[in-house]
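Structure data follow from target_35.txt (compact mmCIF, C-alpha atoms):
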```
# COMPACT_ATOMS: atom_id res chain seq x y z
CA MET X 18 0.00 0.00 0.00
CA THR X 19 1.38 3.43 -0.98
CA THR X 20 1.41 6.16 1.67
CA ASP X 21 0.34 9.70 0.89
CA GLY X 22 3.95 10.86 1.30
CA THR X 23 5.25 8.28 -1.15
CA ALA X 24 2.51 9.14 -3.64
CA GLY X 25 3.42 12.80 -3.40
CA THR X 26 7.09 12.05 -3.95
CA MET X 27 6.34 9.91 -7.00
CA ALA X 28 4.17 12.68 -8.45
CA GLN X 29 7.04 15.13 -8.01
CA VAL X 30 9.41 12.71 -9.74
CA ARG X 31 7.01 12.38 -12.69
CA ILE X 32 6.73 16.15 -13.05
CA ALA X 33 10.52 16.56 -12.82
CA ARG X 34 11.04 13.90 -15.47
CA ARG X 35 8.64 15.60 -17.84
CA ARG X 36 10.48 18.88 -17.44
CA LEU X 37 13.82 17.19 -17.98
CA LEU X 38 12.66 15.44 -21.15
CA ALA X 39 11.60 18.73 -22.65
CA GLY X 40 15.02 20.10 -21.84
CA ALA X 41 16.41 17.99 -24.67
CA ALA X 42 14.90 20.46 -26.97
CA ALA X 43 15.30 23.47 -24.80
CA ALA X 44 13.93 26.51 -26.67
CA GLY X 45 12.86 30.14 -26.40
CA PHE X 46 9.75 32.17 -27.08
CA ALA X 47 9.24 34.82 -24.37
CA LEU X 48 9.96 37.83 -26.57
CA ALA X 49 7.55 38.86 -29.32
CA LEU X 50 8.25 36.94 -32.52
CA PRO X 51 8.31 38.82 -35.83
CA HIS X 52 5.62 38.02 -38.36
CA GLY X 53 6.63 36.05 -41.41
CA ALA X 54 9.07 33.79 -39.55
CA ARG X 55 7.82 30.22 -39.70
CA ALA X 56 8.87 26.77 -40.82
CA GLN X 57 8.60 26.20 -44.55
CA SER X 58 5.90 23.56 -44.08
CA PRO X 59 4.36 21.35 -41.41
CA GLU X 60 6.10 18.41 -43.07
CA ALA X 61 9.51 20.10 -42.80
CA ALA X 62 8.91 20.99 -39.14
CA ALA X 63 7.82 17.44 -38.33
CA ALA X 64 10.92 16.10 -40.08
CA LEU X 65 13.11 18.37 -37.92
CA VAL X 66 11.48 17.16 -34.72
CA ASN X 67 11.81 13.54 -35.83
CA ARG X 68 15.56 14.11 -36.29
CA VAL X 69 15.85 15.69 -32.84
CA VAL X 70 13.89 12.86 -31.25
CA ALA X 71 15.98 10.19 -32.98
CA GLU X 72 19.26 11.75 -31.86
CA VAL X 73 18.08 12.37 -28.29
CA GLN X 74 16.88 8.80 -27.92
CA SER X 75 20.12 7.46 -29.39
CA VAL X 76 22.09 9.36 -26.74
CA ILE X 77 19.78 8.27 -23.91
CA ASP X 78 20.01 4.61 -24.91
CA SER X 79 23.73 4.64 -25.71
CA GLY X 80 25.05 3.91 -22.23
CA ARG X 81 27.67 6.66 -22.64
CA SER X 82 29.29 8.42 -19.73
CA GLU X 83 27.62 11.45 -18.18
CA ALA X 84 30.22 13.79 -19.67
CA ALA X 85 29.72 12.33 -23.15
CA MET X 86 25.94 12.63 -22.87
CA ILE X 87 26.22 16.27 -21.83
CA ARG X 88 28.42 17.02 -24.85
CA GLU X 89 25.94 15.33 -27.16
CA PHE X 90 22.94 17.19 -25.75
CA GLY X 91 24.82 20.44 -26.21
CA ARG X 92 25.50 19.53 -29.84
CA ILE X 93 21.83 18.64 -30.44
CA PHE X 94 20.67 21.91 -28.91
CA ARG X 95 23.17 23.88 -31.00
CA THR X 96 22.37 21.99 -34.22
CA TYR X 97 18.58 21.99 -34.13
CA GLY X 98 17.67 24.93 -31.89
CA ASP X 99 17.67 28.62 -32.83
CA VAL X 100 20.03 29.36 -29.96
CA PRO X 101 20.22 33.18 -30.38
CA THR X 102 16.42 33.43 -30.26
CA ILE X 103 16.22 30.98 -27.39
CA ALA X 104 18.80 32.90 -25.37
CA ALA X 105 17.15 36.27 -26.01
CA SER X 106 13.74 34.86 -25.12
CA VAL X 107 14.96 33.38 -21.86
CA LEU X 108 16.85 36.54 -20.88
CA GLY X 109 13.73 38.61 -21.55
CA PRO X 110 13.61 42.44 -21.76
CA PRO X 111 17.30 42.91 -20.79
CA ALA X 112 18.19 41.27 -24.12
CA ARG X 113 16.89 44.36 -25.91
CA THR X 114 19.57 46.59 -24.38
CA ALA X 115 22.44 44.10 -24.26
CA SER X 116 25.23 44.46 -26.82
CA ALA X 117 25.73 41.91 -29.59
CA GLY X 118 28.86 40.68 -27.82
CA GLN X 119 27.01 40.25 -24.54
CA MET X 120 24.27 38.25 -26.24
CA ARG X 121 26.76 35.97 -28.01
CA ALA X 122 28.51 35.27 -24.70
CA PHE X 123 25.22 34.71 -22.88
CA ALA X 124 23.92 32.36 -25.60
CA SER X 125 27.09 30.28 -25.37
CA ALA X 126 26.87 30.08 -21.58
CA PHE X 127 23.17 29.26 -21.72
CA GLU X 128 23.77 26.44 -24.19
CA GLY X 129 26.23 24.80 -21.81
CA TYR X 130 23.94 25.40 -18.84
CA MET X 131 21.05 23.61 -20.52
CA ALA X 132 23.21 20.67 -21.61
CA ARG X 133 24.55 20.20 -18.07
CA LYS X 134 21.26 20.78 -16.32
CA TYR X 135 19.34 18.17 -18.28
CA GLY X 136 22.05 15.89 -19.62
CA ARG X 137 23.06 14.64 -16.17
CA ARG X 138 19.66 13.09 -15.56
CA PHE X 139 18.56 11.72 -18.90
CA ARG X 140 19.39 8.15 -17.94
CA GLU X 141 16.02 8.25 -16.13
CA PHE X 142 14.37 8.11 -19.57
CA ILE X 143 15.99 4.90 -20.79
CA GLY X 144 13.23 2.85 -22.40
CA GLY X 145 11.04 5.90 -23.07
CA ARG X 146 9.87 6.94 -26.52
CA ILE X 147 8.73 10.16 -28.20
CA THR X 148 6.44 9.82 -31.21
CA VAL X 149 5.51 12.70 -33.53
CA THR X 150 1.74 12.71 -34.03
CA GLY X 151 1.07 15.75 -36.24
CA ALA X 152 1.93 19.34 -37.18
CA ARG X 153 -0.02 22.52 -37.89
CA SER X 154 0.91 25.97 -39.19
CA THR X 155 0.27 29.20 -37.30
CA SER X 156 0.97 32.75 -38.43
CA ARG X 157 4.49 32.74 -36.93
CA TYR X 158 5.62 29.13 -36.50
CA VAL X 159 4.67 25.50 -37.02
CA GLU X 160 3.64 23.56 -33.94
CA VAL X 161 4.58 19.88 -33.97
CA ALA X 162 2.71 17.55 -31.61
CA SER X 163 4.30 14.51 -30.03
CA ARG X 164 3.37 11.87 -27.49
CA VAL X 165 5.82 10.70 -24.80
CA THR X 166 5.73 7.26 -23.21
CA VAL X 167 7.95 6.34 -20.27
CA PRO X 168 7.73 2.96 -18.51
CA GLY X 169 5.57 3.16 -15.42
CA GLU X 170 3.98 6.51 -16.32
CA ALA X 171 0.89 7.66 -18.17
CA PRO X 172 1.64 9.01 -21.69
CA TYR X 173 1.72 12.79 -22.04
CA ASP X 174 1.98 15.38 -24.80
CA ILE X 175 4.82 17.66 -25.83
CA SER X 176 4.50 20.38 -28.49
CA TRP X 177 7.48 21.81 -30.36
CA ARG X 178 7.43 25.26 -31.99
CA VAL X 179 9.51 25.49 -35.15
CA TRP X 180 10.39 28.38 -37.48
CA ASP X 181 12.95 29.27 -40.16
CA ARG X 182 13.94 32.84 -39.23
CA SER X 183 17.63 31.85 -39.29
CA GLY X 184 17.25 30.48 -42.82
CA GLN X 185 16.80 26.89 -41.67
CA ASP X 186 14.06 25.19 -39.70
CA ARG X 187 14.92 25.31 -35.98
CA PHE X 188 12.91 24.72 -32.81
CA ILE X 189 12.25 27.73 -30.58
CA ASP X 190 10.06 26.43 -27.77
CA VAL X 191 8.81 23.22 -26.18
CA LEU X 192 5.51 22.97 -24.29
CA ILE X 193 4.86 20.13 -21.88
CA GLU X 194 1.10 19.66 -21.68
CA GLY X 195 0.75 23.35 -22.53
CA VAL X 196 3.46 24.68 -20.19
CA SER X 197 6.41 26.42 -21.88
CA LEU X 198 9.83 25.23 -20.80
CA VAL X 199 11.25 28.59 -21.86
CA ILE X 200 8.94 30.53 -19.57
CA SER X 201 10.08 28.31 -16.70
CA GLU X 202 13.72 28.90 -17.58
CA ARG X 203 13.11 32.62 -18.01
CA SER X 204 11.84 32.76 -14.44
CA GLU X 205 14.98 31.03 -13.14
CA ILE X 206 17.37 33.11 -15.23
CA GLY X 207 15.51 36.29 -14.27
CA ALA X 208 15.95 35.48 -10.59
CA MET X 209 19.67 34.87 -11.15
CA LEU X 210 20.00 38.20 -12.99
CA ASP X 211 18.15 40.06 -10.23
CA ALA X 212 20.47 38.52 -7.63
CA ARG X 213 23.39 40.00 -9.59
CA GLY X 214 21.92 43.47 -9.76
CA GLY X 215 21.01 43.15 -13.44
CA ASP X 216 24.64 42.61 -14.48
CA ILE X 217 24.43 40.44 -17.63
CA ASP X 218 28.20 39.91 -17.78
CA ARG X 219 28.26 38.57 -14.24
CA LEU X 220 25.25 36.36 -14.96
CA THR X 221 27.01 34.96 -18.02
CA ARG X 222 30.17 34.15 -16.05
CA ASP X 223 28.21 32.42 -13.31
CA LEU X 224 25.92 30.58 -15.74
CA ALA X 225 28.98 28.99 -17.36
CA ALA X 226 29.53 27.08 -14.11
CA THR X 227 25.86 26.37 -13.31
CA GLY X 228 23.64 23.44 -14.14
```
Representation of the structure as structure tokens:
Amino acid sequence: MTTDGTAGTMAQVRIARRRLLAGAAAAGFALALPHGARAQSPEAAAALVNRVVAEVQSVIDSGRSEAAMIREFGRIFRTYGDVPTIAASVLGPPARTASAGQMRAFASAFEGYMARKYGRRFREFIGGRITVTGARSTSRYVEVASRVTVPGEAPYDISWRVWDRSGQDRFIDVLIEGVSLVISERSEIGAMLDARGGDIDRLTRDLAATG
């Protein structure tokens, strides 16, 4: 018989796992997106997500060391995500006044932070599967739907937002059952920036060793 405390702990673990799985994509969408930036087609966006999913699952199931998995998740994020948009979206309004050099440095630090934060715990998803179930166009991006199954848990939905503003289809946000991972990360990064008196350079230096 499961106690209330155990049930609560298991529920927290399930929520944490869902957040971690979305971190494989790790994206950004908190700033206003310009009109006209979207994936070329729902088919192209779905193909991108299928590639991401295949590579993520290959890493999870590979049995590699933690350090190797972190490197691979960083590569996947860099290859398939629109990292400059993601970084600006997570940083929020301060990104509008930061210099180009500051944003490049922050984006690089954020990429490593995400890889470390989520890569260390992806072994928890061994045996899980992500299946793309459809895609639809909106005025500014294509949203790709997927279903996640993990042994011992009820299936749940993840949506990926994809556009081609950089000239190639890239993901820019991931929503777990309607909740944006980027908004969650923006809250955490915002708190870190506030604690440093709004100093983006200091945040970037500290972020490089966080996660």
Go through X:Ile143, X:Trp180, X:Arg203, X:Asp174 and flag the residue nearest Ser156 in chain X, using only C-alpha atoms for the distances.
X:Trp180
In terms of the shortest atom-to-atom distance over all atoms listed in the file, which of X:Met120, X:Ala132, X:Val66, X:Ala112 is closest to Phe94 in chain X?
X:Ala132
Counting all atoms listed in the file, what is within 7 Å of range 88-91 of chain X, bar same-chain residues fewer than 5 positions away, as a VMD selection string?
chain X and resid 41 128 to 129 132 136
Between CA of Ser106 in chain X and CA of Ile200 in chain X, what is the distance, to one decimal in Å?
8.5 Å
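Ranking X:Arg121, X:Arg133, X:Arg164, X:Arg219 by their shortest atom-to-atom distance to Arg146 in chain X, with all atoms listed in the file included, puts X:Arg164 first.
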